[in-house]
Amino acid sequence: MFSRPLIPPVFACIAGILWGSAFTETGPLVFIAFGAFLPLSGFALYKKSTQIFSLALIPAVFAFGAVSISARLSPDHPENHISRFTRDFRSLVVGVVDSDPLVLPGRYRMVLQTKYLGDSSREISGKFRVTVYGEAEPPNCGDTVSVYSKIRQTRNFQNPGGFDYERYMALQGIWVTGYSKPEHVAVLQTHKSIEIIEKFKKFRRCIAELIDTRIEPPAVAAVLAALMLGDKTQITDSEREAFSKAGVSHLLAISGLHVGIIAFICHFGFVRLFSYVPWLLWRGWTRKATAAACVFPVVFYGILTGMSISTQRAVMMVLVFLAALFIDRDSDVSNTLAAAGLAILMIDPAALFSISFQLSFAAVAFIIYGVGRIRQAKKNRRGIQAVFDKLKMIIWVSIFATLGTAPFIMTYFHRISLVGPFVNCMMIPMIGFIVIPLGLLSVFAYPFSGRLSEMLLDASAFILAPAMKLIRSIAKWPFASVETTIPTPMEIVCFYSISCALIYFLGVRVRKVHPASGQPGFKAAVAACVIGLVLLGADISRRIHDYFRNTELSVTILDVGQGSATFLTGPKRTSMLIDGGGFYNNEIFDVGHRIVSPFIRRLKYKSLDTVILSHPDSDHMNGLFYIASHYRVGDFLSVGDPEKYQNYKDLLSIFSEQGVRPAAFDETPRRRRINGVDIAVLHPPKDYLERGTILSRQNDNNNSIVVKIVYGSVSFLFTGDILADAEAELCELYGDRLKSDVLIAPHHGSKTSSTERFLKYVNPKIVVISCGWKNMFHFPHSSVLERYAKYSRDVYRTDINGAIVFQTDGESLSVRPWVEQNSAQSP
């Protein structure tokens, strides 16, 4: 381990960051680390020992990581910080645009370094992120702007295992957000940036315009813009999906791969060029000169692609490698990778939690370990045999990179490509070593010869077009990729333990080395493999036990904002989804993709027995688009007129394409029993469409599906968005049979529902209101809350309590709000 002295400190830094993100009190660590670092570092200098100095760094970087990340997550904001001025009415905020705004379809997003509140002329500080909806030219970085917007604290959707949006924003120093329109944004003072920066921005816009106007079809132009300029906004969802299924989605994001390829090509060219310079050869400076010369194209490519956070990390990682080559003191690639990781984490500790950092370092670390294990002694092979050797190594590199990133890919993207290692063997040389270099040469040629630049750009697109066509074709193969669940931390540990052990044993076989069983490496590999298999076996046994022995019904009302979505699991992994939540525009935020699906995947479900859509309102339906496209669904039950709602018609089409034919509502059994769980559809009547002339039937809320679910002696009543008329109809038809232990409040607690008579018949012990935090409809209404307090024991709200989880064995009922808080509190 100490032959690579920077590896222990980088792991210590990671441990410190994780500690500081979990525990905010880190003050004592500084004194402990300082007390340990001084004597150890002094002793290391006395002994001139790198190993001892590495030990001295461990407590120091651990404390640094813990303190720095804790300071970001739990800062002591000053009295004038904008987070202390949150308000539900629009205010004039004046600030300086902190970075180039992110332009998205139909909107742009900018971060302001605030200066003062216009309505009070009070000076303020802190970052404020504003999303401006509408087609408009965004201001430039450095401009002073005013914006009318509400100031709202960042807030999570409170669901088990959900994405921690608050922490994600806090790591960027953002604690408040707002929304506005173009007419409410004004540039007060334009920023005159450094002339060379302005010229480069103009140059970049010219390249973007050249790609857009010259390259056909638009899909090729969009991908070329992503590869050359880092602009992925024009890439369609279908194109992203194809790249993901083929296992090459990483090519669309500027990462260590792209920057590393540029560095490799430049190194290859410069080392041969400088070999003809006698002055460098005499002094033995060819390697140093090559490393120094590679810095310019690497940095230039990073700036050209926008220098996003992930690109900055990639450039920094490659620069550390180049620095190691320049100083000619550390040729160990593992230690150099550790140096790059440590440098990045010391500058930006929040990088540890970024997808790009995790994917890049996991891939490179596994490649280094794997290639180091299987690399044979050098042989003087020539001709076709040498070609085969290189081809095999490329395949192995792709396999190792896939293994290293697999747990993270499953966690973040819920899909594993089965053909990825082999497709990468084709696409990385085509795109990485031909398309990108030709595009970069086109950029370099642009100021000198427009014609030459166009020719190089055309050549780049000429290679890219068939590559994309091949990717689309492969993505259509039925076995190209598989949808996955989200692995648990234990499963990730098992995966890496077993994978590392298998790579060790593979290296033993490939290199034809037979280590004695007593060697440390062999013992460690066997122990890792055994521990991984034992833990994995225990996890599988638990799942089998849950499948055959589980006798509980679990009902989770998810926090999806202003909307409704409930996931139910029963004995033998029976599953049902009632509504999918949703915002009015899935392009802005897809509830199904971002909230509902991750929750289901964490429970290890890839298929759903039943999906019920209570009615085709966007806040109940739009989240189901993603579910319909990515899950195997057994039955789909819904109501509504497809000719009346285009979105509803589109959803039915997606289900149909997936082989799910929604049954006609009038032919659907009103009662069914699945593994001991009774499901009864109480509303609407089968002929609700024929009775559309009745006034109450003209409001689609009154046509919501009402479902009563009974397990043993415990019952749940799901009511959709029914109004008073539908409640009266239910009372007439069922009377006391409406009685239920848990009532999911009609229409999110609107005053047009939850009548006295209806609540008297239902007589719930618990009421759950699914509604959005400070929603524009002011749900739930105060009069309704008073009625709930009269008829029920407890009232829970997703806007306050987050997800509400019920567990029952058919006799007892337990309830666990995700956020323990007084349910009577108003937002």
# chains A, B, ... in the order shown; residues from 1 in each chain; ligands from 1
$ select_by_dssp --residues "region 561-767 of chain A" --states "alpha helix (DSSP H)" --output "PyMOL selection string"
chain A and resi 591+597-602+618-621+624-630+646-657+724-734+756-762
$ residues_around --residues "region 386-399 of chain A" --least-positions-apart "6" --cutoff "10 Å" --atoms "only C-alpha atoms" --output "VMD selection string"
chain A and resid 363 to 364 366 to 368 370 to 371 374 to 375 379 to 380 420 to 426 428 to 429
$ closest_atom_pairs --of "region 733-776 of chain A" --to "region 156-165 of chain A" --cutoff "12 Å" --atoms "only C-alpha atoms" --output "Markdown table"
| residue | atom | partner | partner_atom | distance |
| --- | --- | --- | --- | --- |
| A:Cys771 | CA | A:Phe157 | CA | 11.5 |
| A:Gly772 | CA | A:Phe157 | CA | 9.6 |
| A:Trp773 | CA | A:Phe157 | CA | 9.6 |
$ atom_distance --atom1 "CA of Leu227 (chain A)" --atom2 "CA of Phe300 (chain A)"
13.9 Å
$ closest_residue --among "A:Thr311, A:Ser740, A:Gln646, A:Ser74" --to "Arg167 (chain A)" --atoms "only C-alpha atoms"
A:Ser74
$ atom_distance --atom1 "CA of Arg661 (chain A)" --atom2 "CA of Ile612 (chain A)"
13.2 Å
$ closest_residue --among "A:Ala401, A:Ala475, A:Val767, A:Ala242" --to "Leu743 (chain A)" --atoms "only C-alpha atoms"
A:Val767
$ residues_around --residues "Ser121 (chain A)" --least-positions-apart "5" --cutoff "12 Å" --atoms "only C-alpha atoms" --output "list in words"
Asn80, Ser91, Leu92, Val93, Val94, Lys115 and Tyr116 of chain A
$ residues_around --residues "Trp818 (chain A)" --least-positions-apart "4" --cutoff "10 Å" --atoms "only C-alpha atoms" --output "list in words"
Gln158, Asn159, Pro160, Leu558, Asp559, Thr798, Ile800, Asn801, Gly802, Ala803, Ile804 and Val805 of chain A
$ residues_around --residues "region 192-209 of chain A" --least-positions-apart "5" --cutoff "8 Å" --atoms "only C-alpha atoms" --output "JSON, numbers by chain"
{"A": [142, 225, 229, 304, 443]}
$ closest_residue --among "A:Leu457, A:Met346, A:Val295, A:Leu359" --to "Ser255 (chain A)" --atoms "only C-alpha atoms"
A:Leu359
$ closest_residue --among "A:Thr485, A:Arg737, A:His781, A:Glu587" --to "Thr236 (chain A)" --atoms "only C-alpha atoms"
A:Glu587
$ closest_residue --among "A:Phe444, A:Trp175, A:Phe522, A:Tyr168" --to "Leu112 (chain A)" --atoms "only C-alpha atoms"
A:Trp175
$ closest_residue --among "A:Phe462, A:Met410, A:Ile578, A:Lys469" --to "Ile486 (chain A)" --atoms "only C-alpha atoms"
A:Met410
$ residues_around --residues "Ser460 (chain A)" --least-positions-apart "3" --cutoff "10 Å" --atoms "only C-alpha atoms" --output "VMD selection string"
chain A and resid 215 224 430 to 431 434 to 442 454 to 457 463 to 465
$ residues_around --residues "Arg287 (chain A)" --least-positions-apart "4" --cutoff "12 Å" --atoms "only C-alpha atoms" --output "mmCIF file with all heavy atoms, in the first residue's frame"
data_model
loop_
_atom_site.group_PDB
_atom_site.id
_atom_site.type_symbol
_atom_site.label_atom_id
_atom_site.label_comp_id
_atom_site.auth_asym_id
_atom_site.auth_seq_id
_atom_site.Cartn_x
_atom_site.Cartn_y
_atom_site.Cartn_z
ATOM 1 N N HIS A 267 -0.176 13.580 -27.189
ATOM 2 C CA HIS A 267 1.067 12.997 -26.688
ATOM 3 C C HIS A 267 1.724 12.146 -27.765
ATOM 4 O O HIS A 267 2.949 12.201 -27.976
ATOM 5 C CB HIS A 267 0.766 12.153 -25.446
ATOM 6 C CG HIS A 267 1.986 11.614 -24.773
ATOM 7 N ND1 HIS A 267 2.608 10.452 -25.166
ATOM 8 C CD2 HIS A 267 2.709 12.080 -23.709
ATOM 9 C CE1 HIS A 267 3.648 10.217 -24.397
ATOM 10 N NE2 HIS A 267 3.740 11.193 -23.508
ATOM 11 N N PHE A 268 0.898 11.364 -28.462
ATOM 12 C CA PHE A 268 1.404 10.503 -29.532
ATOM 13 C C PHE A 268 2.076 11.337 -30.622
ATOM 14 O O PHE A 268 3.144 10.989 -31.134
ATOM 15 C CB PHE A 268 0.253 9.690 -30.126
ATOM 16 C CG PHE A 268 0.654 8.753 -31.220
ATOM 17 C CD1 PHE A 268 1.162 7.493 -30.930
ATOM 18 C CD2 PHE A 268 0.537 9.137 -32.556
ATOM 19 C CE1 PHE A 268 1.538 6.626 -31.946
ATOM 20 C CE2 PHE A 268 0.915 8.271 -33.579
ATOM 21 C CZ PHE A 268 1.416 7.012 -33.265
ATOM 22 N N PHE A 270 3.151 14.686 -30.388
ATOM 23 C CA PHE A 270 4.252 15.535 -29.925
ATOM 24 C C PHE A 270 5.517 14.729 -29.633
ATOM 25 O O PHE A 270 6.627 15.202 -29.867
ATOM 26 C CB PHE A 270 3.834 16.313 -28.678
ATOM 27 C CG PHE A 270 2.944 17.492 -28.961
ATOM 28 C CD1 PHE A 270 1.771 17.689 -28.239
ATOM 29 C CD2 PHE A 270 3.276 18.406 -29.948
ATOM 30 C CE1 PHE A 270 0.952 18.768 -28.504
ATOM 31 C CE2 PHE A 270 2.457 19.490 -30.214
ATOM 32 C CZ PHE A 270 1.288 19.674 -29.495
ATOM 33 N N VAL A 271 5.357 13.519 -29.094
ATOM 34 C CA VAL A 271 6.543 12.748 -28.749
ATOM 35 C C VAL A 271 7.332 12.381 -30.006
ATOM 36 O O VAL A 271 8.575 12.302 -29.985
ATOM 37 C CB VAL A 271 6.154 11.492 -27.937
ATOM 38 C CG1 VAL A 271 5.597 10.396 -28.831
ATOM 39 C CG2 VAL A 271 7.351 10.965 -27.154
ATOM 40 N N ARG A 272 6.611 12.175 -31.121
ATOM 41 C CA ARG A 272 7.297 11.893 -32.383
ATOM 42 C C ARG A 272 7.874 13.171 -33.006
ATOM 43 O O ARG A 272 8.945 13.154 -33.621
ATOM 44 C CB ARG A 272 6.337 11.191 -33.355
ATOM 45 C CG ARG A 272 6.237 9.708 -33.057
ATOM 46 C CD ARG A 272 4.920 9.091 -33.457
ATOM 47 N NE ARG A 272 4.902 7.671 -33.086
ATOM 48 C CZ ARG A 272 4.696 7.251 -31.840
ATOM 49 N NH1 ARG A 272 4.508 8.130 -30.868
ATOM 50 N NH2 ARG A 272 4.689 5.947 -31.571
ATOM 51 N N LEU A 273 7.144 14.255 -32.848
ATOM 52 C CA LEU A 273 7.633 15.529 -33.371
ATOM 53 C C LEU A 273 8.913 15.955 -32.657
ATOM 54 O O LEU A 273 9.911 16.344 -33.299
ATOM 55 C CB LEU A 273 6.554 16.595 -33.213
ATOM 56 C CG LEU A 273 6.937 18.017 -33.618
ATOM 57 C CD1 LEU A 273 7.220 18.090 -35.125
ATOM 58 C CD2 LEU A 273 5.815 18.998 -33.250
ATOM 59 N N PHE A 274 8.904 15.854 -31.321
ATOM 60 C CA PHE A 274 10.060 16.313 -30.552
ATOM 61 C C PHE A 274 11.246 15.362 -30.651
ATOM 62 O O PHE A 274 12.366 15.723 -30.272
ATOM 63 C CB PHE A 274 9.677 16.502 -29.084
ATOM 64 C CG PHE A 274 8.698 17.628 -28.853
ATOM 65 C CD1 PHE A 274 7.788 17.590 -27.806
ATOM 66 C CD2 PHE A 274 8.693 18.732 -29.692
ATOM 67 C CE1 PHE A 274 6.887 18.620 -27.597
ATOM 68 C CE2 PHE A 274 7.804 19.769 -29.487
ATOM 69 C CZ PHE A 274 6.889 19.716 -28.438
ATOM 70 N N SER A 275 10.994 14.143 -31.145
ATOM 71 C CA SER A 275 12.110 13.216 -31.325
ATOM 72 C C SER A 275 13.033 13.670 -32.450
ATOM 73 O O SER A 275 14.155 13.165 -32.593
ATOM 74 C CB SER A 275 11.606 11.805 -31.610
ATOM 75 O OG SER A 275 10.929 11.764 -32.863
ATOM 76 N N LEU A 280 16.408 18.830 -27.594
ATOM 77 C CA LEU A 280 15.636 18.141 -26.553
ATOM 78 C C LEU A 280 16.195 16.751 -26.301
ATOM 79 O O LEU A 280 16.221 16.277 -25.146
ATOM 80 C CB LEU A 280 14.164 18.053 -26.970
ATOM 81 C CG LEU A 280 13.393 19.368 -27.053
ATOM 82 C CD1 LEU A 280 11.990 19.130 -27.597
ATOM 83 C CD2 LEU A 280 13.313 20.036 -25.677
ATOM 84 N N LEU A 281 16.636 16.076 -27.363
ATOM 85 C CA LEU A 281 17.167 14.719 -27.205
ATOM 86 C C LEU A 281 18.450 14.723 -26.389
ATOM 87 O O LEU A 281 18.666 13.860 -25.527
ATOM 88 C CB LEU A 281 17.425 14.096 -28.582
ATOM 89 C CG LEU A 281 16.180 13.726 -29.403
ATOM 90 C CD1 LEU A 281 16.586 13.307 -30.806
ATOM 91 C CD2 LEU A 281 15.405 12.596 -28.720
ATOM 92 N N ARG A 283 19.365 16.699 -24.058
ATOM 93 C CA ARG A 283 19.130 16.964 -22.642
ATOM 94 C C ARG A 283 18.138 15.969 -22.006
ATOM 95 O O ARG A 283 17.838 16.057 -20.824
ATOM 96 C CB ARG A 283 18.594 18.397 -22.459
ATOM 97 C CG ARG A 283 19.654 19.441 -22.720
ATOM 98 C CD ARG A 283 19.055 20.811 -22.891
ATOM 99 N NE ARG A 283 20.088 21.847 -23.015
ATOM 100 C CZ ARG A 283 20.797 22.066 -24.105
ATOM 101 N NH1 ARG A 283 20.581 21.315 -25.191
ATOM 102 N NH2 ARG A 283 21.717 23.020 -24.137
ATOM 103 N N ALA A 291 4.835 16.535 -22.396
ATOM 104 C CA ALA A 291 3.826 16.773 -21.356
ATOM 105 C C ALA A 291 3.414 18.237 -21.326
ATOM 106 O O ALA A 291 2.234 18.568 -21.216
ATOM 107 C CB ALA A 291 4.367 16.334 -20.000
ATOM 108 N N ALA A 292 4.401 19.142 -21.443
ATOM 109 C CA ALA A 292 4.090 20.576 -21.419
ATOM 110 C C ALA A 292 3.277 20.989 -22.640
ATOM 111 O O ALA A 292 2.334 21.783 -22.542
ATOM 112 C CB ALA A 292 5.380 21.390 -21.344
ATOM 113 N N ALA A 293 3.617 20.431 -23.810
ATOM 114 C CA ALA A 293 2.910 20.806 -25.041
ATOM 115 C C ALA A 293 1.471 20.306 -25.040
ATOM 116 O O ALA A 293 0.596 20.919 -25.658
ATOM 117 C CB ALA A 293 3.664 20.251 -26.255
ATOM 118 N N CYS A 294 1.214 19.198 -24.360
ATOM 119 C CA CYS A 294 -0.148 18.646 -24.329
ATOM 120 C C CYS A 294 -1.118 19.489 -23.502
ATOM 121 O O CYS A 294 -2.336 19.346 -23.641
ATOM 122 C CB CYS A 294 -0.130 17.220 -23.769
ATOM 123 S SG CYS A 294 0.584 16.000 -24.885
ATOM 124 N N LEU A 322 -0.305 14.676 -16.601
ATOM 125 C CA LEU A 322 0.737 15.344 -17.377
ATOM 126 C C LEU A 322 1.819 15.914 -16.461
ATOM 127 O O LEU A 322 3.009 15.881 -16.792
ATOM 128 C CB LEU A 322 0.129 16.453 -18.235
ATOM 129 C CG LEU A 322 -0.796 15.994 -19.369
ATOM 130 C CD1 LEU A 322 -1.429 17.197 -20.065
ATOM 131 C CD2 LEU A 322 -0.028 15.141 -20.390
ATOM 132 N N ALA A 323 1.394 16.424 -15.301
ATOM 133 C CA ALA A 323 2.371 16.949 -14.348
ATOM 134 C C ALA A 323 3.297 15.840 -13.847
ATOM 135 O O ALA A 323 4.505 16.047 -13.658
ATOM 136 C CB ALA A 323 1.654 17.613 -13.177
ATOM 137 N N ALA A 324 2.712 14.651 -13.637
ATOM 138 C CA ALA A 324 3.531 13.519 -13.202
ATOM 139 C C ALA A 324 4.569 13.156 -14.267
ATOM 140 O O ALA A 324 5.717 12.828 -13.954
ATOM 141 C CB ALA A 324 2.646 12.316 -12.900
ATOM 142 N N LEU A 325 4.153 13.225 -15.530
ATOM 143 C CA LEU A 325 5.101 12.962 -16.611
ATOM 144 C C LEU A 325 6.189 14.039 -16.676
ATOM 145 O O LEU A 325 7.358 13.760 -16.944
ATOM 146 C CB LEU A 325 4.359 12.899 -17.950
ATOM 147 C CG LEU A 325 3.401 11.728 -18.157
ATOM 148 C CD1 LEU A 325 2.656 11.894 -19.489
ATOM 149 C CD2 LEU A 325 4.145 10.400 -18.139
ATOM 150 N N PHE A 326 5.775 15.293 -16.395
ATOM 151 C CA PHE A 326 6.725 16.410 -16.511
ATOM 152 C C PHE A 326 7.807 16.336 -15.437
ATOM 153 O O PHE A 326 8.987 16.521 -15.714
ATOM 154 C CB PHE A 326 5.971 17.734 -16.408
ATOM 155 C CG PHE A 326 6.831 18.943 -16.623
ATOM 156 C CD1 PHE A 326 7.154 19.364 -17.902
ATOM 157 C CD2 PHE A 326 7.348 19.642 -15.540
ATOM 158 C CE1 PHE A 326 7.966 20.470 -18.098
ATOM 159 C CE2 PHE A 326 8.150 20.746 -15.732
ATOM 160 C CZ PHE A 326 8.461 21.161 -17.014
ATOM 161 N N ILE A 327 7.399 16.077 -14.198
ATOM 162 C CA ILE A 327 8.397 16.042 -13.121
ATOM 163 C C ILE A 327 9.182 14.738 -13.131
ATOM 164 O O ILE A 327 10.232 14.621 -12.493
ATOM 165 C CB ILE A 327 7.748 16.251 -11.738
ATOM 166 C CG1 ILE A 327 6.747 15.125 -11.438
ATOM 167 C CG2 ILE A 327 7.073 17.601 -11.659
ATOM 168 C CD1 ILE A 327 6.119 15.238 -10.052
ATOM 169 N N ASP A 328 8.626 13.721 -13.872
ATOM 170 C CA ASP A 328 9.360 12.472 -14.088
ATOM 171 C C ASP A 328 9.776 11.816 -12.771
ATOM 172 O O ASP A 328 10.873 11.286 -12.620
ATOM 173 C CB ASP A 328 10.607 12.747 -14.940
ATOM 174 C CG ASP A 328 11.123 11.457 -15.591
ATOM 175 O OD1 ASP A 328 10.332 10.507 -15.693
ATOM 176 O OD2 ASP A 328 12.305 11.415 -15.958
#
$ closest_atom_pairs --of "region 716-786 of chain A" --to "region 561-576 of chain A" --cutoff "12 Å" --atoms "only C-alpha atoms" --output "JSON lines"
{"residue": "A:Phe716", "atom": "CA", "partner": "A:Leu568", "partner_atom": "CA", "distance": 11.0}
{"residue": "A:Leu717", "atom": "CA", "partner": "A:Thr566", "partner_atom": "CA", "distance": 11.8}
{"residue": "A:Phe718", "atom": "CA", "partner": "A:Thr566", "partner_atom": "CA", "distance": 9.3}
{"residue": "A:Thr719", "atom": "CA", "partner": "A:Ser564", "partner_atom": "CA", "distance": 10.6}
{"residue": "A:Gly720", "atom": "CA", "partner": "A:Ser564", "partner_atom": "CA", "distance": 8.1}
{"residue": "A:Asp721", "atom": "CA", "partner": "A:Ser564", "partner_atom": "CA", "distance": 9.6}
{"residue": "A:Ile744", "atom": "CA", "partner": "A:Ser564", "partner_atom": "CA", "distance": 9.6}
{"residue": "A:Ala745", "atom": "CA", "partner": "A:Ser564", "partner_atom": "CA", "distance": 10.2}
{"residue": "A:Pro746", "atom": "CA", "partner": "A:Ser564", "partner_atom": "CA", "distance": 10.4}
{"residue": "A:His747", "atom": "CA", "partner": "A:Gly563", "partner_atom": "CA", "distance": 9.1}
{"residue": "A:His748", "atom": "CA", "partner": "A:Gly563", "partner_atom": "CA", "distance": 7.7}
{"residue": "A:Gly749", "atom": "CA", "partner": "A:Gln562", "partner_atom": "CA", "distance": 11.2}
{"residue": "A:Val768", "atom": "CA", "partner": "A:Ser564", "partner_atom": "CA", "distance": 10.8}
{"residue": "A:Ile769", "atom": "CA", "partner": "A:Ser564", "partner_atom": "CA", "distance": 9.1}
{"residue": "A:Ser770", "atom": "CA", "partner": "A:Ser564", "partner_atom": "CA", "distance": 5.8}
{"residue": "A:Cys771", "atom": "CA", "partner": "A:Gln562", "partner_atom": "CA", "distance": 4.6}
{"residue": "A:Gly772", "atom": "CA", "partner": "A:Gln562", "partner_atom": "CA", "distance": 3.8}
{"residue": "A:Trp773", "atom": "CA", "partner": "A:Gly561", "partner_atom": "CA", "distance": 6.6}
{"residue": "A:Lys774", "atom": "CA", "partner": "A:Gln562", "partner_atom": "CA", "distance": 9.3}
{"residue": "A:Asn775", "atom": "CA", "partner": "A:Gln562", "partner_atom": "CA", "distance": 6.7}
{"residue": "A:Met776", "atom": "CA", "partner": "A:Gln562", "partner_atom": "CA", "distance": 9.1}
{"residue": "A:Phe777", "atom": "CA", "partner": "A:Gln562", "partner_atom": "CA", "distance": 9.2}
{"residue": "A:His778", "atom": "CA", "partner": "A:Gln562", "partner_atom": "CA", "distance": 10.4}
{"residue": "A:Phe779", "atom": "CA", "partner": "A:Gln562", "partner_atom": "CA", "distance": 9.0}
{"residue": "A:Pro780", "atom": "CA", "partner": "A:Gln562", "partner_atom": "CA", "distance": 10.9}
$ write_last_selection --atoms "C-alpha atoms" --output "PDB file, in the first residue's frame"
ATOM      1  CA  PHE A 716     -58.215   1.636   2.617  1.00  0.00           C
ATOM      2  CA  LEU A 717     -60.425   3.901   0.497  1.00  0.00           C
ATOM      3  CA  PHE A 718     -58.868   5.654  -2.518  1.00  0.00           C
ATOM      4  CA  THR A 719     -61.131   8.376  -3.875  1.00  0.00           C
ATOM      5  CA  GLY A 720     -59.282  10.184  -6.684  1.00  0.00           C
ATOM      6  CA  ASP A 721     -60.691  13.682  -7.176  1.00  0.00           C
ATOM      7  CA  ILE A 744     -57.053   9.060   1.041  1.00  0.00           C
ATOM      8  CA  ALA A 745     -58.723  12.467   0.950  1.00  0.00           C
ATOM      9  CA  PRO A 746     -60.852  13.295  -2.114  1.00  0.00           C
ATOM     10  CA  HIS A 747     -59.484  16.016  -4.396  1.00  0.00           C
ATOM     11  CA  HIS A 748     -56.470  16.794  -2.188  1.00  0.00           C
ATOM     12  CA  GLY A 749     -58.621  18.244   0.588  1.00  0.00           C
ATOM     13  CA  VAL A 768     -54.130  11.179   4.307  1.00  0.00           C
ATOM     14  CA  ILE A 769     -54.100  14.334   2.181  1.00  0.00           C
ATOM     15  CA  SER A 770     -51.850  14.258  -0.889  1.00  0.00           C
ATOM     16  CA  CYS A 771     -51.042  17.868  -1.787  1.00  0.00           C
ATOM     17  CA  GLY A 772     -48.174  20.154  -2.740  1.00  0.00           C
ATOM     18  CA  TRP A 773     -46.219  22.407  -0.398  1.00  0.00           C
ATOM     19  CA  LYS A 774     -47.812  25.871  -0.429  1.00  0.00           C
ATOM     20  CA  ASN A 775     -49.756  24.920  -3.552  1.00  0.00           C
ATOM     21  CA  MET A 776     -51.540  27.567  -5.608  1.00  0.00           C
ATOM     22  CA  PHE A 777     -54.957  26.037  -4.834  1.00  0.00           C
ATOM     23  CA  HIS A 778     -54.453  26.439  -1.064  1.00  0.00           C
ATOM     24  CA  PHE A 779     -55.296  22.763  -0.485  1.00  0.00           C
ATOM     25  CA  PRO A 780     -56.338  21.481   1.979  1.00  0.00           C
TER      26      PRO A 780
END
